[in-house]
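File shown: final.cif. Contents: mmCIF, C-alpha atoms.
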data_coords
#
loop_
_atom_site.label_atom_id
_atom_site.label_comp_id
_atom_site.auth_asym_id
_atom_site.auth_seq_id
_atom_site.Cartn_x
_atom_site.Cartn_y
_atom_site.Cartn_z
CA MET Y 1 7.77 31.56 10.32
CA ASP Y 2 10.78 32.68 12.36
CA PRO Y 3 12.69 29.69 13.75
CA THR Y 4 15.32 31.98 15.23
CA GLU Y 5 12.91 32.54 18.12
CA ILE Y 6 14.35 29.31 19.53
CA ILE Y 7 17.63 31.00 20.37
CA LYS Y 8 16.47 34.21 21.99
CA ALA Y 9 18.43 33.42 25.13
CA VAL Y 10 21.60 32.04 23.54
CA PRO Y 11 23.60 35.33 23.61
CA ASP Y 12 23.12 35.53 27.38
CA LEU Y 13 24.40 31.99 27.74
CA ALA Y 14 27.41 32.72 25.55
CA LYS Y 15 28.39 35.59 27.86
CA GLY Y 16 28.48 33.16 30.74
CA LEU Y 17 30.97 30.86 29.05
CA ALA Y 18 33.82 33.04 30.28
CA ALA Y 19 33.94 30.89 33.41
CA VAL Y 20 34.49 27.66 31.46
CA GLY Y 21 37.83 26.01 31.88
CA THR Y 22 39.09 28.31 34.63
CA ALA Y 23 40.76 25.45 36.48
CA ILE Y 24 43.58 24.57 34.09
CA PRO Y 25 45.92 22.36 36.19
CA PHE Y 26 49.45 23.75 36.19
CA THR Y 27 51.85 22.27 38.70
CA ARG Y 28 54.75 24.24 40.12
CA ILE Y 29 57.17 22.36 37.86
CA VAL Y 30 55.08 23.03 34.73
CA LYS Y 31 54.84 26.72 35.61
CA LYS Y 32 58.61 26.80 36.02
CA MET Y 33 59.09 25.26 32.57
CA LEU Y 34 56.60 27.56 30.83
CA GLY Y 35 57.63 30.71 32.61
CA PRO Y 36 55.90 33.89 31.34
CA ALA Y 37 54.01 31.82 28.74
CA THR Y 38 51.95 30.05 31.43
CA ASP Y 39 49.12 32.59 31.55
CA GLU Y 40 48.97 32.95 27.78
CA LEU Y 41 48.73 29.18 27.24
CA ALA Y 42 46.08 28.86 29.93
CA GLU Y 43 43.94 31.51 28.21
CA MET Y 44 44.46 29.85 24.83
CA TRP Y 45 43.29 26.47 26.13
CA LYS Y 46 40.29 28.03 27.88
CA ASP Y 47 39.35 29.72 24.60
CA ARG Y 48 39.46 26.38 22.82
CA VAL Y 49 37.15 24.86 25.43
CA ARG Y 50 34.76 27.79 25.08
CA PHE Y 51 34.78 27.49 21.30
CA TYR Y 52 34.16 23.72 21.40
CA ARG Y 53 31.18 24.13 23.72
CA TYR Y 54 29.76 27.10 21.84
CA GLN Y 55 30.10 25.23 18.53
CA ASN Y 56 28.17 22.26 19.93
CA GLN Y 57 25.44 24.60 21.17
CA MET Y 58 25.05 26.39 17.85
CA GLN Y 59 24.95 23.12 15.90
CA CYS Y 60 22.18 21.98 18.24
CA VAL Y 61 20.25 25.19 17.63
CA LYS Y 62 20.61 24.84 13.86
CA LYS Y 63 19.33 21.26 13.97
CA ALA Y 64 16.39 22.33 16.12
CA GLU Y 65 15.62 25.13 13.66
CA GLN Y 66 15.56 22.67 10.77
CA MET Y 67 13.27 20.35 12.73
CA ALA Y 68 10.88 23.21 13.46
CA GLN Y 69 10.84 24.18 9.79
CA LYS Y 70 10.17 20.59 8.71
CA ALA Y 71 7.39 20.22 11.26
CA GLY Y 72 5.89 23.51 10.06
CA PHE Y 73 5.47 25.39 13.32
CA THR Y 74 6.58 28.79 14.59
CA PRO Y 75 8.74 28.18 17.67
CA GLN Y 76 7.88 29.77 20.97
CA THR Y 77 10.44 30.97 23.50
CA VAL Y 78 11.85 28.10 25.56
CA PRO Y 79 11.66 28.69 29.33
CA PRO Y 80 15.07 29.38 30.94
CA LYS Y 81 14.58 26.38 33.25
CA ILE Y 82 14.71 24.19 30.14
CA LEU Y 83 16.86 26.23 27.77
CA PHE Y 84 19.95 26.93 29.86
CA PRO Y 85 20.47 23.41 31.30
CA LEU Y 86 19.78 21.96 27.84
CA LEU Y 87 22.39 24.10 26.10
CA GLU Y 88 24.82 23.42 28.92
CA GLY Y 89 24.31 19.68 28.48
CA VAL Y 90 24.70 19.61 24.70
CA SER Y 91 27.84 21.75 24.88
CA LEU Y 92 29.87 18.69 25.93
CA GLU Y 93 28.15 16.11 23.69
CA ASP Y 94 30.47 14.32 21.25
CA ASN Y 95 28.10 11.59 20.07
CA ASP Y 96 26.23 12.48 16.87
CA HIS Y 97 23.13 10.44 17.71
CA LEU Y 98 22.85 11.91 21.19
CA HIS Y 99 23.54 15.40 19.80
CA THR Y 100 20.52 15.01 17.50
CA MET Y 101 18.43 13.91 20.47
CA TRP Y 102 19.44 17.12 22.27
CA ALA Y 103 18.34 19.12 19.22
CA ALA Y 104 14.99 17.30 19.12
CA LEU Y 105 14.49 18.01 22.81
CA LEU Y 106 15.08 21.70 22.11
CA ALA Y 107 12.73 21.70 19.12
CA ASN Y 108 9.97 20.01 21.11
CA ALA Y 109 10.49 22.45 23.98
CA ALA Y 110 9.90 25.26 21.48
CA SER Y 111 6.79 23.64 20.00
CA PRO Y 112 3.50 25.46 20.69
CA THR Y 113 1.73 22.11 21.06
CA ASP Y 114 4.33 19.73 22.55
CA SER Y 115 6.39 21.87 24.91
CA SER Y 116 4.52 20.61 27.97
CA THR Y 117 5.81 17.06 27.32
CA VAL Y 118 9.44 18.17 27.77
CA ARG Y 119 10.23 17.72 31.46
CA PRO Y 120 13.31 19.28 33.09
CA GLY Y 121 14.31 15.82 34.31
CA PHE Y 122 14.74 14.65 30.71
CA ILE Y 123 17.80 16.89 30.45
CA ALA Y 124 19.54 15.07 33.28
CA LEU Y 125 18.65 11.69 31.73
CA LEU Y 126 20.07 12.65 28.36
CA LYS Y 127 23.18 14.16 29.92
CA GLU Y 128 24.01 10.86 31.63
CA MET Y 129 23.12 8.62 28.68
CA CYS Y 130 25.65 6.70 26.60
CA GLY Y 131 25.22 6.07 22.91
CA ASP Y 132 24.57 2.35 23.29
CA GLU Y 133 21.88 3.00 25.90
CA ALA Y 134 20.13 5.41 23.53
CA THR Y 135 20.31 2.81 20.75
CA ILE Y 136 18.73 0.11 22.91
CA LEU Y 137 15.97 2.46 24.07
CA LYS Y 138 15.20 3.54 20.50
CA PHE Y 139 15.17 -0.09 19.35
CA VAL Y 140 12.56 -1.01 21.95
CA PHE Y 141 10.59 2.15 21.09
CA ASP Y 142 10.64 1.41 17.34
CA SER Y 143 9.52 -2.18 17.94
CA VAL Y 144 6.33 -0.84 19.52
CA HIS Y 145 5.46 1.10 16.38
CA LYS Y 146 6.16 -1.93 14.22
CA SER Y 147 3.88 -4.16 16.26
CA VAL Y 148 0.31 -4.94 15.29
CA SER Y 149 -1.25 -3.55 18.46
CA LYS Y 150 1.16 -0.56 18.81
CA ASN Y 151 0.31 -0.55 22.50
CA TRP Y 152 3.55 0.55 24.13
CA GLN Y 153 2.24 -0.20 27.61
CA LYS Y 154 1.81 -3.88 26.84
CA HIS Y 155 4.47 -4.43 24.18
CA SER Y 156 7.89 -5.84 25.07
CA GLU Y 157 10.92 -6.92 23.07
CA SER Y 158 12.69 -10.21 23.72
CA LEU Y 159 16.08 -10.09 25.36
CA GLU Y 160 17.54 -12.17 22.52
CA GLU Y 161 16.40 -9.71 19.86
CA ILE Y 162 17.76 -6.72 21.78
CA LYS Y 163 21.08 -8.47 22.30
CA GLU Y 164 21.29 -9.50 18.64
CA MET Y 165 20.74 -5.88 17.58
CA TYR Y 166 23.35 -4.71 20.09
CA GLU Y 167 25.98 -7.14 18.84
CA LYS Y 168 25.40 -6.14 15.22
CA GLU Y 169 25.53 -2.44 16.09
CA PHE Y 170 28.48 -2.39 18.49
CA ARG Y 171 30.28 -5.70 17.87
CA PRO Y 172 31.51 -6.22 21.45
CA ALA Y 173 34.39 -8.57 22.13
CA SER Y 174 33.45 -12.21 21.74
CA GLY Y 175 31.92 -13.55 24.91
CA ASP Y 176 31.91 -10.15 26.62
CA ASP Y 177 28.33 -9.32 27.64
CA ILE Y 178 29.25 -6.92 30.43
CA THR Y 179 28.73 -3.72 28.43
CA PHE Y 180 25.39 -4.93 27.09
CA TYR Y 181 23.95 -5.82 30.48
CA THR Y 182 25.41 -2.68 32.01
CA ALA Y 183 23.51 -0.63 29.42
CA LEU Y 184 20.30 -2.52 30.23
CA ASP Y 185 20.83 -2.02 33.95
CA SER Y 186 21.42 1.71 33.44
CA LEU Y 187 18.19 2.10 31.49
CA GLU Y 188 16.28 0.14 34.12
CA ALA Y 189 17.83 2.18 36.95
CA ALA Y 190 16.67 5.34 35.17
CA GLU Y 191 13.17 3.80 35.02
CA LEU Y 192 13.07 4.03 31.23
CA ILE Y 193 12.58 0.30 30.63
CA ARG Y 194 11.29 -2.58 32.73
CA THR Y 195 11.70 -6.31 32.49
CA SER Y 196 8.88 -8.79 32.08
CA ASN Y 197 8.41 -12.52 31.62
CA LEU Y 198 11.02 -13.36 34.27
CA GLY Y 199 13.70 -11.24 32.64
CA THR Y 200 13.30 -12.63 29.11
CA ALA Y 201 11.76 -9.43 27.65
CA TRP Y 202 11.97 -5.67 28.08
CA GLY Y 203 9.39 -2.96 27.57
CA LEU Y 204 9.14 0.80 27.96
CA THR Y 205 7.90 2.55 31.05
CA SER Y 206 5.69 5.58 30.56
CA ARG Y 207 8.72 7.68 31.44
CA GLY Y 208 10.81 5.93 28.80
CA TYR Y 209 8.13 6.32 26.14
CA HIS Y 210 7.67 10.04 26.68
CA PHE Y 211 11.43 10.59 27.01
CA ILE Y 212 12.01 9.11 23.55
CA MET Y 213 9.05 11.03 22.13
CA SER Y 214 10.53 14.27 23.48
CA CYS Y 215 13.96 13.40 22.09
CA SER Y 216 12.60 12.60 18.61
CA PRO Y 217 12.10 15.25 15.91
CA PRO Y 218 8.65 16.85 16.24
CA LYS Y 219 6.04 15.92 13.68
CA GLY Y 220 3.91 18.42 11.80
CA ALA Y 221 0.14 18.60 12.02
CA SER Y 222 -0.19 16.71 8.76
CA GLN Y 223 2.21 13.92 9.72
#

Show me this structure written as structure tokens.
Amino acid sequence: MDPTEIIKAVPDLAKGLAAVGTAIPFTRIVKKMLGPATDELAEMWKDRVRFYRYQNQMQCVKKAEQMAQKAGFTPQTVPPKILFPLLEGVSLEDNDHLHTMWAALLANAASPTDSSTVRPGFIALLKEMCGDEATILKFVFDSVHKSVSKNWQKHSESLEEIKEMYEKEFRPASGDDITFYTALDSLEAAELIRTSNLGTAWGLTSRGYHFIMSCSPPKGASQ
């Protein structure tokens, strides 16, 4: 098995990073203060931005490689339409949980059996997602697999249970529910979850279910 097949196109992407950070804001006064050092400092800061983004990309690739190895499949080449936007998105990710979801999306896109489930639109969803939104979505997803029926289309989680989990996980300020309901609204606006029972419960849409599946580490044939 050769998991490095996942990153066939990474060198080409790295070449394109030269354009990152070109708009370093230097006012006339700042330029006056820095003098001849202005250009050198601008290049130094751009290099740091490039390195930060490249490091995030390579960590994502390594995680995806490990997932492919664990699942026991030989990765196939990821189409540029998926690969380049995906690596661009993960390059700015600073949340560990979301970073792992990016890696899982890459691993699934390289899977010979599951690549068709990774839609280009999932990249935009993950790029706009906050950590608390991902946690809520995963909580609802996991509750389906813990249920007796395991029918994600009919299963829903009570609002009280979701909120209890959220408060334990993020400990928002006492009496401040704004961030919680904003996260719910964002997930609903993205059509990943839907409300039922007059707003007292939340369940996954088909889009939400397959989004989480694509952003979860791939499973091997024997799993």

- request: Give me the result of the PyMOL selection byres ((chain Y and resi 86) around 10) on this file, residue by residue, as an MDAnalysis selection string.
  value: chainID Y and resid 57 60 80:85 87:91 102:103 105:106 120 122:124 126:127

message: Quick check, in Å to one decimal: how far apart do CA of Asp96 (chain Y) and CA of Ala109 (chain Y) lie?
response: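 Answer for the CA of Asp96 (chain Y) to CA of Ala109 (chain Y) separation: 19.9 Å.
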
Nearest-residue call for Leu192 (chain Y), choices Y:Thr135, Y:Ser216, Y:Asn95, Y:Thr205, using only C-alpha atoms: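 Ranking Y:Thr135, Y:Ser216, Y:Asn95, Y:Thr205 by distance to Leu192 (chain Y), first place goes to Y:Thr205.
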
statement: Among Y:Asp177, Y:Asp142, Y:Glu65, Y:Glu133, Met213 (chain Y) is approached most closely, using all atoms listed in the file, by Y:Asp142

- line: For Arg171 (chain Y), the closest of Y:Asp132, Y:Lys70, Y:Thr117, Y:His210 counting all atoms listed in the file is Y:Asp132

message: As an exercise, work out the distance from CA of Ala64 (chain Y) to CA of Leu187 (chain Y) in Å and give it to one decimal place.
response: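 Separation between CA of Ala64 (chain Y) and CA of Leu187 (chain Y): 25.5 Å.
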
Coordinates-based distance that separates CA of Lys168 (chain Y) from CA of Pro217 (chain Y) (Å, one decimal): 25.2 Å

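Nearest to His97 (chain Y) of all the residues Y:Val118, Y:Leu198, Y:Ala134, Y:Val61 is Y:Ala134, based on only C-alpha atoms.
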
query: Can you list what the PyMOL selection byres ((chain Y and resi 204) around 12) grabs from this structure, as a VMD selection string?
result: chain Y and resid 136 to 144 151 to 157 184 187 to 188 190 to 196 201 to 203 205 to 213

task: List every protein, DNA or RNA residue with an atom no more than 12 Å from (23.7, -9.7, 22.9) in the file's coordinates, counting all atoms listed in the file, and format the result as a list of chain:residue names.
output: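 Residues satisfying the cut-off, written out: Y:Ile136, Y:Ser158, Y:Leu159, Y:Glu160, Y:Glu161, Y:Ile162, Y:Lys163, Y:Glu164, Y:Met165, Y:Tyr166, Y:Glu167, Y:Lys168, Y:Glu169, Y:Phe170, Y:Arg171, Y:Pro172, Y:Ala173, Y:Ser174, Y:Gly175, Y:Asp176, Y:Asp177, Y:Ile178, Y:Thr179, Y:Phe180, Y:Tyr181, Y:Thr182, Y:Ala183, Y:Leu184.
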
Missing atoms of region 154-188 of chain Y rebuilt to N, CA and C atoms, written as a CSV table (one decimal), in the frame of the given file:
chain,number,residue,atom,x,y,z
Y,154,LYS,N,1.9,-2.4,26.7
Y,154,LYS,CA,1.8,-3.9,26.8
Y,154,LYS,C,2.9,-4.6,26.0
Y,155,HIS,N,3.5,-3.8,25.1
Y,155,HIS,CA,4.5,-4.4,24.2
Y,155,HIS,C,5.8,-4.6,24.9
Y,156,SER,N,6.5,-5.6,24.6
Y,156,SER,CA,7.9,-5.8,25.1
Y,156,SER,C,8.7,-6.5,24.0
Y,157,GLU,N,10.0,-6.3,24.0
Y,157,GLU,CA,10.9,-6.9,23.1
Y,157,GLU,C,11.7,-8.0,23.8
Y,158,SER,N,12.0,-9.1,23.1
Y,158,SER,CA,12.7,-10.2,23.7
Y,158,SER,C,14.1,-9.8,24.0
Y,159,LEU,N,14.7,-10.4,25.0
Y,159,LEU,CA,16.1,-10.1,25.4
Y,159,LEU,C,17.0,-10.5,24.2
Y,160,GLU,N,16.7,-11.7,23.6
Y,160,GLU,CA,17.5,-12.2,22.5
Y,160,GLU,C,17.6,-11.2,21.3
Y,161,GLU,N,16.4,-10.6,21.0
Y,161,GLU,CA,16.4,-9.7,19.9
Y,161,GLU,C,17.2,-8.4,20.2
Y,162,ILE,N,17.0,-7.9,21.4
Y,162,ILE,CA,17.8,-6.7,21.8
Y,162,ILE,C,19.3,-7.0,21.7
Y,163,LYS,N,19.7,-8.1,22.3
Y,163,LYS,CA,21.1,-8.5,22.3
Y,163,LYS,C,21.6,-8.7,20.9
Y,164,GLU,N,20.9,-9.3,20.0
Y,164,GLU,CA,21.3,-9.5,18.6
Y,164,GLU,C,21.5,-8.2,17.9
Y,165,MET,N,20.6,-7.2,18.1
Y,165,MET,CA,20.7,-5.9,17.6
Y,165,MET,C,22.0,-5.2,18.1
Y,166,TYR,N,22.2,-5.3,19.4
Y,166,TYR,CA,23.4,-4.7,20.1
Y,166,TYR,C,24.7,-5.2,19.5
Y,167,GLU,N,24.8,-6.6,19.3
Y,167,GLU,CA,26.0,-7.1,18.8
Y,167,GLU,C,26.3,-6.7,17.4
Y,168,LYS,N,25.2,-6.6,16.6
Y,168,LYS,CA,25.4,-6.1,15.2
Y,168,LYS,C,25.8,-4.7,15.2
Y,169,GLU,N,25.3,-3.9,16.1
Y,169,GLU,CA,25.5,-2.4,16.1
Y,169,GLU,C,26.9,-2.1,16.7
Y,170,PHE,N,27.3,-2.8,17.8
Y,170,PHE,CA,28.5,-2.4,18.5
Y,170,PHE,C,29.6,-3.4,18.4
Y,171,ARG,N,29.3,-4.6,18.0
Y,171,ARG,CA,30.3,-5.7,17.9
Y,171,ARG,C,31.2,-5.8,19.1
Y,172,PRO,N,30.7,-6.1,20.3
Y,172,PRO,CA,31.5,-6.2,21.4
Y,172,PRO,C,32.4,-7.4,21.3
Y,173,ALA,N,33.4,-7.4,22.1
Y,173,ALA,CA,34.4,-8.6,22.1
Y,173,ALA,C,33.7,-9.9,22.3
Y,174,SER,N,34.1,-10.9,21.7
Y,174,SER,CA,33.4,-12.2,21.7
Y,174,SER,C,33.3,-12.7,23.2
Y,175,GLY,N,32.1,-13.0,23.6
Y,175,GLY,CA,31.9,-13.6,24.9
Y,175,GLY,C,31.8,-12.5,26.0
Y,176,ASP,N,32.0,-11.2,25.6
Y,176,ASP,CA,31.9,-10.2,26.6
Y,176,ASP,C,30.5,-9.5,26.6
Y,177,ASP,N,29.7,-9.9,27.6
Y,177,ASP,CA,28.3,-9.3,27.6
Y,177,ASP,C,28.2,-8.2,28.7
Y,178,ILE,N,29.3,-7.9,29.3
Y,178,ILE,CA,29.2,-6.9,30.4
Y,178,ILE,C,28.7,-5.6,30.0
Y,179,THR,N,29.2,-5.0,28.9
Y,179,THR,CA,28.7,-3.7,28.4
Y,179,THR,C,27.2,-3.7,28.1
Y,180,PHE,N,26.8,-4.8,27.5
Y,180,PHE,CA,25.4,-4.9,27.1
Y,180,PHE,C,24.5,-4.9,28.3
Y,181,TYR,N,24.8,-5.7,29.3
Y,181,TYR,CA,24.0,-5.8,30.5
Y,181,TYR,C,24.1,-4.6,31.4
Y,182,THR,N,25.3,-3.9,31.3
Y,182,THR,CA,25.4,-2.7,32.0
Y,182,THR,C,24.5,-1.6,31.4
Y,183,ALA,N,24.4,-1.6,30.1
Y,183,ALA,CA,23.5,-0.6,29.4
Y,183,ALA,C,22.0,-0.9,29.8
Y,184,LEU,N,21.7,-2.2,29.8
Y,184,LEU,CA,20.3,-2.5,30.2
Y,184,LEU,C,20.0,-2.1,31.7
Y,185,ASP,N,21.0,-2.4,32.5
Y,185,ASP,CA,20.8,-2.0,34.0
Y,185,ASP,C,20.7,-0.5,34.1
Y,186,SER,N,21.5,0.2,33.3
Y,186,SER,CA,21.4,1.7,33.4
Y,186,SER,C,20.0,2.2,33.0
Y,187,LEU,N,19.5,1.7,32.0
Y,187,LEU,CA,18.2,2.1,31.5
Y,187,LEU,C,17.1,1.7,32.5
Y,188,GLU,N,17.3,0.6,33.1
Y,188,GLU,CA,16.3,0.1,34.1
Y,188,GLU,C,16.4,1.0,35.4
